Structures are given as structure tokens and as C-alpha cells.
>>> print(open('model.cif').read())   # mmCIF, C-alpha atoms and all ligand atoms
data_upload
#
loop_
_atom_site.label_atom_id
_atom_site.label_comp_id
_atom_site.auth_asym_id
_atom_site.auth_seq_id
_atom_site.Cartn_x
_atom_site.Cartn_y
_atom_site.Cartn_z
CA MET A 1 159.11 137.40 92.92
CA SER A 2 155.57 136.12 93.47
CA ALA A 3 154.48 134.44 96.68
CA GLU A 4 154.28 131.01 95.05
CA GLU A 5 157.88 130.97 93.92
CA PRO A 6 159.50 129.21 96.89
CA ALA A 7 156.89 126.41 96.93
CA HIS A 8 157.34 126.04 93.21
CA HIS A 9 161.06 125.53 93.69
CA HIS A 10 160.48 122.84 96.29
CA GLU A 11 158.01 120.96 94.17
CA HIS A 12 160.04 120.74 91.05
CA GLY A 13 163.64 121.04 92.14
CA GLY A 14 166.58 122.03 89.95
CA GLY A 15 165.28 120.59 86.71
CA GLU A 16 162.36 122.99 86.56
CA ASP A 17 164.66 125.89 87.49
CA LYS A 18 166.97 125.02 84.67
CA LYS A 19 164.15 124.75 82.18
CA ARG A 20 162.83 128.12 83.25
CA GLY A 21 166.23 129.73 82.77
CA GLN A 22 166.48 128.22 79.32
CA ASP A 23 163.03 129.33 78.23
CA SER A 24 163.72 132.79 79.52
CA TRP A 25 166.88 133.11 77.42
CA ASN A 26 165.11 131.75 74.40
CA ASP A 27 162.21 134.19 74.78
CA SER A 28 164.48 137.16 75.38
CA ALA A 29 167.04 136.44 72.65
CA LYS A 30 166.11 139.46 70.53
CA GLU A 31 165.88 141.73 73.54
CA TYR A 32 169.32 140.60 74.74
CA ASN A 33 170.76 141.14 71.27
CA ASP A 34 169.48 144.75 71.32
CA MET A 35 170.58 145.50 74.89
CA GLY A 36 173.22 148.21 74.85
CA LEU A 37 174.81 147.36 78.19
CA ALA A 38 175.14 143.68 77.23
CA SER A 39 176.75 144.70 73.95
CA ALA A 40 179.16 146.91 75.88
CA THR A 41 180.26 143.89 77.95
CA SER A 42 180.86 141.96 74.71
CA VAL A 43 183.04 144.77 73.40
CA LYS A 44 185.11 144.66 76.62
CA CYS A 45 185.63 140.92 76.18
CA VAL A 46 186.57 141.33 72.53
CA ASP A 47 189.08 144.11 73.20
CA PHE A 48 190.66 142.22 76.09
CA THR A 49 190.87 138.94 74.16
CA LEU A 50 192.36 140.50 71.02
CA ALA A 51 195.04 142.24 73.07
CA PHE A 52 195.73 139.13 75.16
CA MET A 53 195.89 136.63 72.30
CA LYS A 54 198.16 138.81 70.22
CA ASN A 55 200.73 138.43 73.00
CA VAL A 56 200.42 134.66 73.29
CA LYS A 57 203.61 133.15 72.00
CA PRO A 58 202.78 130.05 69.95
CA TYR A 59 200.39 132.03 67.81
CA SER A 60 201.86 134.30 65.22
CA PHE A 61 198.71 135.47 63.51
CA ASN A 62 200.41 135.51 60.17
CA ALA A 63 198.20 135.42 57.12
CA GLY A 64 196.37 132.16 56.81
CA SER A 65 196.95 130.80 60.30
CA GLY A 66 193.98 131.30 62.53
CA LEU A 67 192.65 129.83 65.73
CA LYS A 68 189.97 127.27 66.43
CA VAL A 69 187.68 129.07 68.85
CA LEU A 70 184.59 128.06 70.81
CA GLU A 71 182.21 130.39 72.60
CA PHE A 72 180.18 128.40 75.11
CA GLY A 73 176.82 130.06 75.87
CA CYS A 74 177.41 132.36 72.92
CA GLY A 75 174.00 134.06 72.83
CA PRO A 76 173.96 136.27 69.71
CA GLY A 77 177.69 135.59 69.37
CA LYS A 78 178.99 139.13 69.64
CA VAL A 79 182.17 138.10 71.42
CA ILE A 80 183.26 135.36 69.04
CA LEU A 81 182.25 137.39 65.97
CA GLY A 82 184.28 140.32 67.26
CA LEU A 83 187.39 138.12 67.17
CA SER A 84 187.12 137.29 63.46
CA GLU A 85 190.63 138.51 62.68
CA LEU A 86 192.01 135.67 64.86
CA VAL A 87 189.60 132.91 63.94
CA SER A 88 189.91 130.22 61.27
CA GLU A 89 187.17 128.02 62.76
CA GLY A 90 184.61 129.54 65.11
CA VAL A 91 181.81 127.67 66.83
CA GLY A 92 179.16 129.25 69.02
CA MET A 93 177.16 126.90 71.23
CA ASP A 94 174.05 127.77 73.20
CA LEU A 95 171.04 126.09 74.75
CA ALA A 96 168.62 128.63 73.30
CA PRO A 97 167.71 127.98 69.64
CA ASN A 98 166.60 131.61 69.20
CA MET A 99 170.05 132.81 70.28
CA ILE A 100 171.67 130.51 67.73
CA SER A 101 169.29 131.82 65.02
CA ILE A 102 170.40 135.38 65.73
CA PHE A 103 174.04 134.27 65.72
CA GLU A 104 173.58 132.48 62.38
CA SER A 105 171.93 135.55 60.81
CA ALA A 106 174.87 137.67 61.94
CA ILE A 107 177.34 135.13 60.49
CA GLU A 108 175.56 135.31 57.17
CA SER A 109 175.19 139.07 57.05
CA LYS A 110 178.91 139.48 57.80
CA GLY A 111 179.81 137.01 55.04
CA LEU A 112 181.54 134.70 57.54
CA SER A 113 179.77 131.41 56.75
CA ALA A 114 183.02 129.71 55.75
CA THR A 115 184.51 130.35 59.19
CA TYR A 116 181.70 130.28 61.75
CA ARG A 117 178.84 128.04 62.70
CA GLY A 118 176.32 127.79 65.50
CA GLN A 119 175.29 124.72 67.46
CA VAL A 120 172.20 124.32 69.63
CA LEU A 121 173.14 122.37 72.75
CA GLN A 122 170.83 119.62 73.96
CA LYS A 123 172.33 119.36 77.43
CA THR A 124 172.86 121.96 80.14
CA ASP A 125 176.13 120.55 81.49
CA ALA A 126 178.64 121.27 78.70
CA SER A 127 179.02 117.53 78.10
CA GLU A 128 178.71 117.89 74.32
CA LEU A 129 182.05 119.66 73.97
CA PRO A 130 184.86 117.87 72.13
CA LYS A 131 188.09 117.13 74.00
CA ALA A 132 191.39 118.91 73.32
CA TYR A 133 190.21 120.61 70.16
CA TYR A 134 190.18 124.42 70.52
CA ASP A 135 193.03 126.91 70.77
CA LEU A 136 190.71 129.22 72.65
CA VAL A 137 187.50 128.58 74.56
CA LEU A 138 185.39 131.52 75.71
CA ALA A 139 182.73 131.36 78.41
CA PRO A 140 181.48 134.94 78.75
CA PHE A 141 178.70 135.53 81.28
CA VAL A 142 177.41 131.97 81.23
CA LEU A 143 178.92 129.94 84.07
CA HIS A 144 176.60 131.48 86.66
CA HIS A 145 173.73 129.88 84.73
CA VAL A 146 175.16 126.38 84.99
CA SER A 147 173.98 124.33 87.96
CA GLU A 148 177.28 122.49 88.40
CA PRO A 149 179.94 125.02 87.45
CA SER A 150 182.73 122.72 88.59
CA SER A 151 181.99 119.97 86.06
CA ALA A 152 181.23 122.54 83.35
CA LEU A 153 184.57 124.22 84.04
CA LYS A 154 186.26 120.83 83.75
CA ARG A 155 184.69 120.21 80.36
CA LEU A 156 185.60 123.68 79.19
CA VAL A 157 189.28 123.30 80.08
CA GLU A 158 189.33 119.80 78.63
CA ALA A 159 188.07 121.21 75.32
CA VAL A 160 191.26 123.32 75.12
CA LEU A 161 194.40 122.15 73.31
CA PRO A 162 197.73 122.12 75.16
CA SER A 163 199.07 125.70 75.18
CA GLY A 164 195.55 126.95 74.57
CA HIS A 165 193.40 129.17 76.80
CA LEU A 166 190.04 129.34 78.46
CA ILE A 167 188.71 132.85 79.04
CA VAL A 168 185.83 133.18 81.49
CA ALA A 169 183.96 136.44 82.02
CA GLU A 170 181.60 137.08 84.91
CA LEU A 171 179.71 140.04 86.28
CA VAL A 172 180.82 141.34 89.67
CA ASP A 173 179.59 143.79 92.32
CA LEU A 174 176.00 143.25 91.33
CA GLU A 175 173.28 145.26 92.94
CA GLU A 176 169.72 144.43 93.76
CA MET A 177 168.55 145.12 90.25
CA MET A 178 169.92 141.69 89.46
CA GLU A 179 167.55 139.90 91.82
CA GLU A 180 164.91 139.54 89.15
CA HIS A 181 167.49 138.41 86.64
CA ASN A 182 168.69 135.79 89.12
CA VAL A 183 165.25 134.23 89.36
CA GLU A 184 164.07 134.68 85.80
CA ARG A 185 167.21 133.61 84.05
CA GLY A 186 168.09 130.66 86.23
CA VAL A 187 171.20 132.05 87.91
CA HIS A 188 172.75 129.45 90.18
CA GLY A 189 175.39 131.64 91.78
CA TRP A 190 177.74 134.35 90.58
CA LEU A 191 181.37 133.40 90.18
CA GLU A 192 183.78 135.77 91.84
CA GLU A 193 187.52 135.47 91.38
CA GLY A 194 188.01 133.53 94.63
CA ARG A 195 185.26 131.12 93.68
CA ILE A 196 186.84 130.45 90.28
CA ASP A 197 190.22 129.97 92.02
CA GLY A 198 188.56 127.38 94.25
CA LEU A 199 186.80 125.59 91.40
CA LEU A 200 190.03 125.44 89.44
CA GLU A 201 191.96 124.04 92.40
CA GLY A 202 189.18 121.55 93.07
CA LEU A 203 189.50 120.09 89.58
CA LYS A 204 192.91 118.71 90.53
CA LEU A 205 193.91 118.64 86.92
CA PRO A 206 197.61 118.98 86.24
CA ASN A 207 198.76 121.64 83.80
CA LEU A 208 196.19 124.28 84.53
CA LYS A 209 197.48 127.77 85.21
CA LYS A 210 195.64 130.92 86.23
CA VAL A 211 197.20 133.45 83.90
CA LYS A 212 195.38 136.58 85.01
CA ALA A 213 192.22 138.05 86.43
CA GLU A 214 191.33 141.51 85.24
CA TYR A 215 188.54 143.82 86.33
CA MET A 216 186.88 146.36 84.09
CA THR A 217 183.72 148.38 83.68
CA ALA A 218 181.35 148.41 80.72
CA THR A 219 179.22 151.50 80.25
CA HIS A 220 176.23 152.32 78.09
CA ASP A 221 173.90 155.32 78.29
CA GLY A 222 175.14 156.27 81.74
CA GLU A 223 174.68 152.75 83.12
CA SER A 224 177.73 150.80 84.22
CA ILE A 225 178.42 147.22 85.07
CA SER A 226 181.62 145.70 86.47
CA LEU A 227 183.09 142.57 85.06
CA LEU A 228 185.89 140.15 85.71
CA ILE A 229 187.84 138.42 82.99
CA TYR A 230 189.69 135.32 84.17
CA VAL A 231 192.22 133.58 81.94
CA ILE A 232 193.30 129.95 82.35
CA GLU A 233 196.03 128.29 80.33
CA ARG A 234 196.23 124.59 79.66
CA VAL A 235 199.97 124.36 79.96
CA ALA A 236 201.71 122.05 77.50
CA VAL A 237 203.98 119.35 78.97
C1 LIG B 301 174.27 136.52 79.51
S1 LIG B 301 174.10 135.55 78.07
C2 LIG B 301 175.74 135.68 77.43
C3 LIG B 301 175.80 135.56 75.93
C4 LIG B 301 177.16 135.84 75.30
N1 LIG B 301 178.19 134.94 75.79
C5 LIG B 301 177.59 137.26 75.54
O1 LIG B 301 178.59 137.48 76.22
O2 LIG B 301 176.92 138.18 75.03
C6 LIG B 301 174.04 133.88 78.67
C7 LIG B 301 173.83 132.85 77.58
O3 LIG B 301 174.11 131.55 78.11
C8 LIG B 301 173.16 130.64 77.61
N2 LIG B 301 173.09 129.53 78.58
C9 LIG B 301 172.49 129.51 79.80
N3 LIG B 301 172.70 128.34 80.42
C10 LIG B 301 173.47 127.59 79.59
C11 LIG B 301 174.03 126.28 79.66
N4 LIG B 301 173.83 125.50 80.74
N5 LIG B 301 174.75 125.83 78.61
C12 LIG B 301 174.94 126.61 77.51
N6 LIG B 301 174.44 127.86 77.39
C13 LIG B 301 173.71 128.35 78.41
C14 LIG B 301 171.89 131.44 77.48
O4 LIG B 301 170.99 130.85 76.57
C15 LIG B 301 172.43 132.80 77.00
O5 LIG B 301 172.48 132.87 75.60
#
>>> encode(input="model.cif", output="C-alpha cells", more="lines below")
Ligand SMILES: C[S@@+](CC[C@H](N)C(=O)[O-])C[C@H]1O[C@@H](n2cnc3c(N)ncnc32)[C@H](O)[C@@H]1O
Amino acid sequence: MSAEEPAHHHEHGGGEDKKRGQDSWNDSAKEYNDMGLASATSVKCVDFTLAFMKNVKPYSFNAGSGLKVLEFGCGPGKVILGLSELVSEGVGMDLAPNMISIFESAIESKGLSATYRGQVLQKTDASELPKAYYDLVLAPFVLHHVSEPSSALKRLVEAVLPSGHLIVAELVDLEEMMEEHNVERGVHGWLEEGRIDGLLEGLKLPNLKKVKAEYMTATHDGESISLLIYVIERVAV
């Protein structure tokens, strides 16, 4: 971090921070897409979600019946694309247009244009999400980039249909190597399990249930990173 950074923060406040995070993701879209360790975290999310959803009762996954799925902060969309066997309508939303371009190229090259689409978000606060629409909403490795995670979490759970699920993934046990990432990419605070518990409680929404929190490790080329997958159900009444 350069010596000017703190003054810079004071002068421009959160808005400038947010913008910088956005630009950084947009500029590094290709690099992120090619990053082996990031891809390994996507694979972990895909494997977990496939196993989890196949056990969820209302869904039978018989031929023809698929799920409406949203990935918020989808980046290149590796998580949502990895779930294609479950998905009848898949939407990936992201602030960074370059991320959405990579996602759209992948949709096309996999021949999945009838099922998937990308959407560039105009706002940073998840306020463009529809209400009670998706069977499954995914927010992998994005909530720590949102300046007000509580209201974003509210919008994410509100986008879920009754009996549907929100699956959040976060990185945990981060070391100093992430310092630079924190500044560059506009990280506002990592979400540990206890913090998500607190945010969820704070929403005071009826019918929300913490289903499970699972820890795992993604590895690539001898490098490892720990992650938490946190599942919330919007219980039907
Ligand atoms: C670490 S990447 C995760 C991408 C993808 N979910 C994955 O697991 O590979 C974070 C993504 O969140 C996006 N992002 C950051 N802040 C956001 C916000 N406020 N709303 C929506 N997307 C955001 C970034 O552009 C980036 O693509």
C-alpha cells in the first residue's frame, strides 16, 4: 500500500473505494478466469451444491424439471455453469462487464444459450434482484466486497422462493497475502460463520433457517485456501 492511500480514503470515502474495487475486478477478469486456485474454489462450490441440492426434498431432478438459479457476483460463472445438470434457467449477475463477457463466451461455447444468460449490474447493493423468483441463489466469494452486507443478504434471501436456498461461500483463515487483495479489490470485511449468523439474525425475517455451515479446502499447485459454505433455507409456511 502506498503512503497516500489513507489520505485518499479520507478524501473520497466509500464511493471511491467501491469504484476502485469494481475497476479492479473488471481489469482482472481474464486473470481471475485463468487463476487455478480460484477455479479450485469454484469446483468445491459446485461439488458441494450438486450433492446438497440432490438431497433437497421438493426437487426431484427428473427429466425436464430444472431449477431457476442465480449466481450473484458470478465473475466468469464457473460455479453456476458447473451446475448445468440442475438448471433450467440460470442467470449470472456481476458489476464487472468484462466478467459478464467471459461468462457469456463460456455459455456460448458450451452450447447453453437457451438456459443461461448474464446481466451486468448497475448498482453495488444487490437492489436489482427480483423478489421470490429463484429456487437457488448463490453468492460465492462476493459478500465481502459489498459495503453493506446486511442489506445485500436481505435482498439475496428475498430473491429466493419459499422452500428455496441461498448458498453463500466465503474465504476463511486468510493470511497476510490477502492484504493487497483487500485494498485492491475493495474488500469491506470477510464474513466468518459467526458474522453471517449475526447478519441473518439481524434481518429479523421470519422463515429463515441456517441449514449448515461446512468448511473445506481448495488446492491448486501446492497452494491451499480454506473456505466456508453456508446454506440458508427460506422455509415455506
Ligand atoms: C472473487 S470473485 C467471485 C466470482 C465467482 N462467484 C466465483 O466464485 O468464481 C468476486 C466477484 O464479485 C463481483 N462483485 C464485487 N462487488 C460486487 C457487488 N457489489 N455486486 C455484484 N458483484 C460484485 C466482482 O466483479 C467479481 O466478479
>>> residues_around(input="model.cif", residues="range 65-76 of chain A", least_positions_apart="6", cutoff="6 Å", atoms="all atoms listed in the file", output="ChimeraX atom specification")
/A:86-94,99,102-103,134-139,142
>>> atom_distance(input="model.cif", atom1="CA of Tyr215 in chain A", atom2="CA of Glu148 in chain A")
24.2 Å
>>> closest_residue(input="model.cif", among="A:Val172, A:Ala126, A:Ala236, A:Leu156", to="ligand LIG 301 (chain B)", atoms="all atoms listed in the file")
A:Ala126
>>> residues_around(input="model.cif", residues="Thr49 in chain A", least_positions_apart="5", cutoff="10 Å", atoms="all atoms listed in the file", output="JSON, numbers by chain")
{"A": [43, 44, 54, 55, 79, 80, 82, 83, 86, 136, 138, 167, 229, 231]}
>>> closest_residue(input="model.cif", among="A:Ser42, A:Gln119, A:Asn98, A:Ser28", to="ligand LIG 301 (chain B)", atoms="only C-alpha atoms and all ligand atoms")
A:Ser42
>>> axis_aligned_box(input="model.cif", around="range 202-214 of chain A", padding_each_side="3 Å", output="lines of an AutoDock Vina configuration file")
center_x = 194.0
center_y = 130.1
center_z = 88.4
size_x = 15.6
size_y = 28.9
size_z = 15.3
>>> closest_residue(input="model.cif", among="A:Gly36, A:Pro206, A:Gly77, A:Gly118", to="ligand LIG 301 (chain B)", atoms="all atoms listed in the file")
A:Gly77
>>> closest_residue(input="model.cif", among="A:Ser147, A:Thr124, A:Asn33, A:Ser24", to="ligand LIG 301 (chain B)", atoms="only C-alpha atoms and all ligand atoms")
A:Thr124
>>> atom_distance(input="model.cif", atom1="CA of Pro140 in chain A", atom2="CA of Ala114 in chain A")
23.6 Å
>>> decode(input="model.cif", residues="range 130-157 of chain A", atoms="N, CA and C atoms", output="mmCIF file, in the first residue's frame")
data_model
loop_
_atom_site.group_PDB
_atom_site.id
_atom_site.type_symbol
_atom_site.label_atom_id
_atom_site.label_comp_id
_atom_site.auth_asym_id
_atom_site.auth_seq_id
_atom_site.Cartn_x
_atom_site.Cartn_y
_atom_site.Cartn_z
ATOM 1 N N PRO A 130 -34.748 -9.649 -8.509
ATOM 2 C CA PRO A 130 -36.196 -9.818 -8.375
ATOM 3 C C PRO A 130 -36.529 -10.449 -7.024
ATOM 4 N N LYS A 131 -37.794 -10.349 -6.629
ATOM 5 C CA LYS A 131 -38.221 -10.919 -5.346
ATOM 6 C C LYS A 131 -38.861 -12.290 -5.562
ATOM 7 N N ALA A 132 -38.559 -13.209 -4.653
ATOM 8 C CA ALA A 132 -39.180 -14.545 -4.641
ATOM 9 C C ALA A 132 -39.248 -15.155 -6.029
ATOM 10 N N TYR A 133 -38.125 -15.335 -6.658
ATOM 11 C CA TYR A 133 -38.098 -15.845 -8.021
ATOM 12 C C TYR A 133 -37.261 -17.116 -8.192
ATOM 13 N N TYR A 134 -36.152 -17.230 -7.476
ATOM 14 C CA TYR A 134 -35.213 -18.329 -7.729
ATOM 15 C C TYR A 134 -35.360 -19.484 -6.734
ATOM 16 N N ASP A 135 -35.165 -20.697 -7.241
ATOM 17 C CA ASP A 135 -35.102 -21.868 -6.369
ATOM 18 C C ASP A 135 -33.798 -21.860 -5.579
ATOM 19 N N LEU A 136 -32.765 -21.333 -6.222
ATOM 20 C CA LEU A 136 -31.439 -21.358 -5.612
ATOM 21 C C LEU A 136 -30.696 -20.073 -5.977
ATOM 22 N N VAL A 137 -30.198 -19.404 -4.949
ATOM 23 C CA VAL A 137 -29.357 -18.223 -5.163
ATOM 24 C C VAL A 137 -27.973 -18.534 -4.600
ATOM 25 N N LEU A 138 -26.960 -18.257 -5.401
ATOM 26 C CA LEU A 138 -25.581 -18.496 -4.990
ATOM 27 C C LEU A 138 -24.861 -17.165 -4.838
ATOM 28 N N ALA A 139 -24.092 -17.032 -3.773
ATOM 29 C CA ALA A 139 -23.267 -15.832 -3.604
ATOM 30 C C ALA A 139 -21.860 -16.289 -3.207
ATOM 31 N N PRO A 140 -21.105 -16.834 -4.169
ATOM 32 C CA PRO A 140 -19.788 -17.350 -3.825
ATOM 33 C C PRO A 140 -18.710 -16.269 -3.864
ATOM 34 N N PHE A 141 -18.084 -16.036 -2.740
ATOM 35 C CA PHE A 141 -16.902 -15.160 -2.649
ATOM 36 C C PHE A 141 -17.183 -13.735 -3.117
ATOM 37 N N VAL A 142 -18.340 -13.229 -2.767
ATOM 38 C CA VAL A 142 -18.698 -11.873 -3.198
ATOM 39 C C VAL A 142 -19.140 -10.978 -2.043
ATOM 40 N N LEU A 143 -19.724 -11.548 -0.991
ATOM 41 C CA LEU A 143 -20.317 -10.666 0.027
ATOM 42 C C LEU A 143 -19.291 -9.792 0.741
ATOM 43 N N HIS A 144 -18.032 -10.254 0.790
ATOM 44 C CA HIS A 144 -17.003 -9.420 1.436
ATOM 45 C C HIS A 144 -16.656 -8.191 0.591
ATOM 46 N N HIS A 145 -17.157 -8.140 -0.625
ATOM 47 C CA HIS A 145 -16.926 -6.966 -1.476
ATOM 48 C C HIS A 145 -18.065 -5.957 -1.397
ATOM 49 N N VAL A 146 -19.110 -6.306 -0.689
ATOM 50 C CA VAL A 146 -20.291 -5.450 -0.636
ATOM 51 C C VAL A 146 -20.216 -4.590 0.627
ATOM 52 N N SER A 147 -20.435 -3.272 0.468
ATOM 53 C CA SER A 147 -20.203 -2.387 1.614
ATOM 54 C C SER A 147 -21.253 -2.562 2.711
ATOM 55 N N GLU A 148 -22.475 -2.937 2.346
ATOM 56 C CA GLU A 148 -23.480 -3.205 3.374
ATOM 57 C C GLU A 148 -23.993 -4.628 3.240
ATOM 58 N N PRO A 149 -23.220 -5.578 3.774
ATOM 59 C CA PRO A 149 -23.577 -6.987 3.569
ATOM 60 C C PRO A 149 -24.944 -7.347 4.127
ATOM 61 N N SER A 150 -25.377 -6.604 5.166
ATOM 62 C CA SER A 150 -26.666 -6.938 5.760
ATOM 63 C C SER A 150 -27.807 -6.703 4.772
ATOM 64 N N SER A 151 -27.820 -5.535 4.118
ATOM 65 C CA SER A 151 -28.917 -5.297 3.171
ATOM 66 C C SER A 151 -28.764 -6.153 1.918
ATOM 67 N N ALA A 152 -27.531 -6.445 1.522
ATOM 68 C CA ALA A 152 -27.345 -7.341 0.368
ATOM 69 C C ALA A 152 -27.866 -8.737 0.705
ATOM 70 N N LEU A 153 -27.547 -9.197 1.921
ATOM 71 C CA LEU A 153 -28.016 -10.521 2.341
ATOM 72 C C LEU A 153 -29.543 -10.571 2.332
ATOM 73 N N LYS A 154 -30.154 -9.471 2.772
ATOM 74 C CA LYS A 154 -31.616 -9.403 2.787
ATOM 75 C C LYS A 154 -32.164 -9.552 1.370
ATOM 76 N N ARG A 155 -31.564 -8.837 0.442
ATOM 77 C CA ARG A 155 -32.049 -8.918 -0.943
ATOM 78 C C ARG A 155 -31.806 -10.297 -1.550
ATOM 79 N N LEU A 156 -30.715 -10.901 -1.148
ATOM 80 C CA LEU A 156 -30.424 -12.246 -1.662
ATOM 81 C C LEU A 156 -31.452 -13.265 -1.152
ATOM 82 N N VAL A 157 -31.761 -13.212 0.140
ATOM 83 C CA VAL A 157 -32.747 -14.187 0.646
ATOM 84 C C VAL A 157 -34.145 -13.868 0.120
#
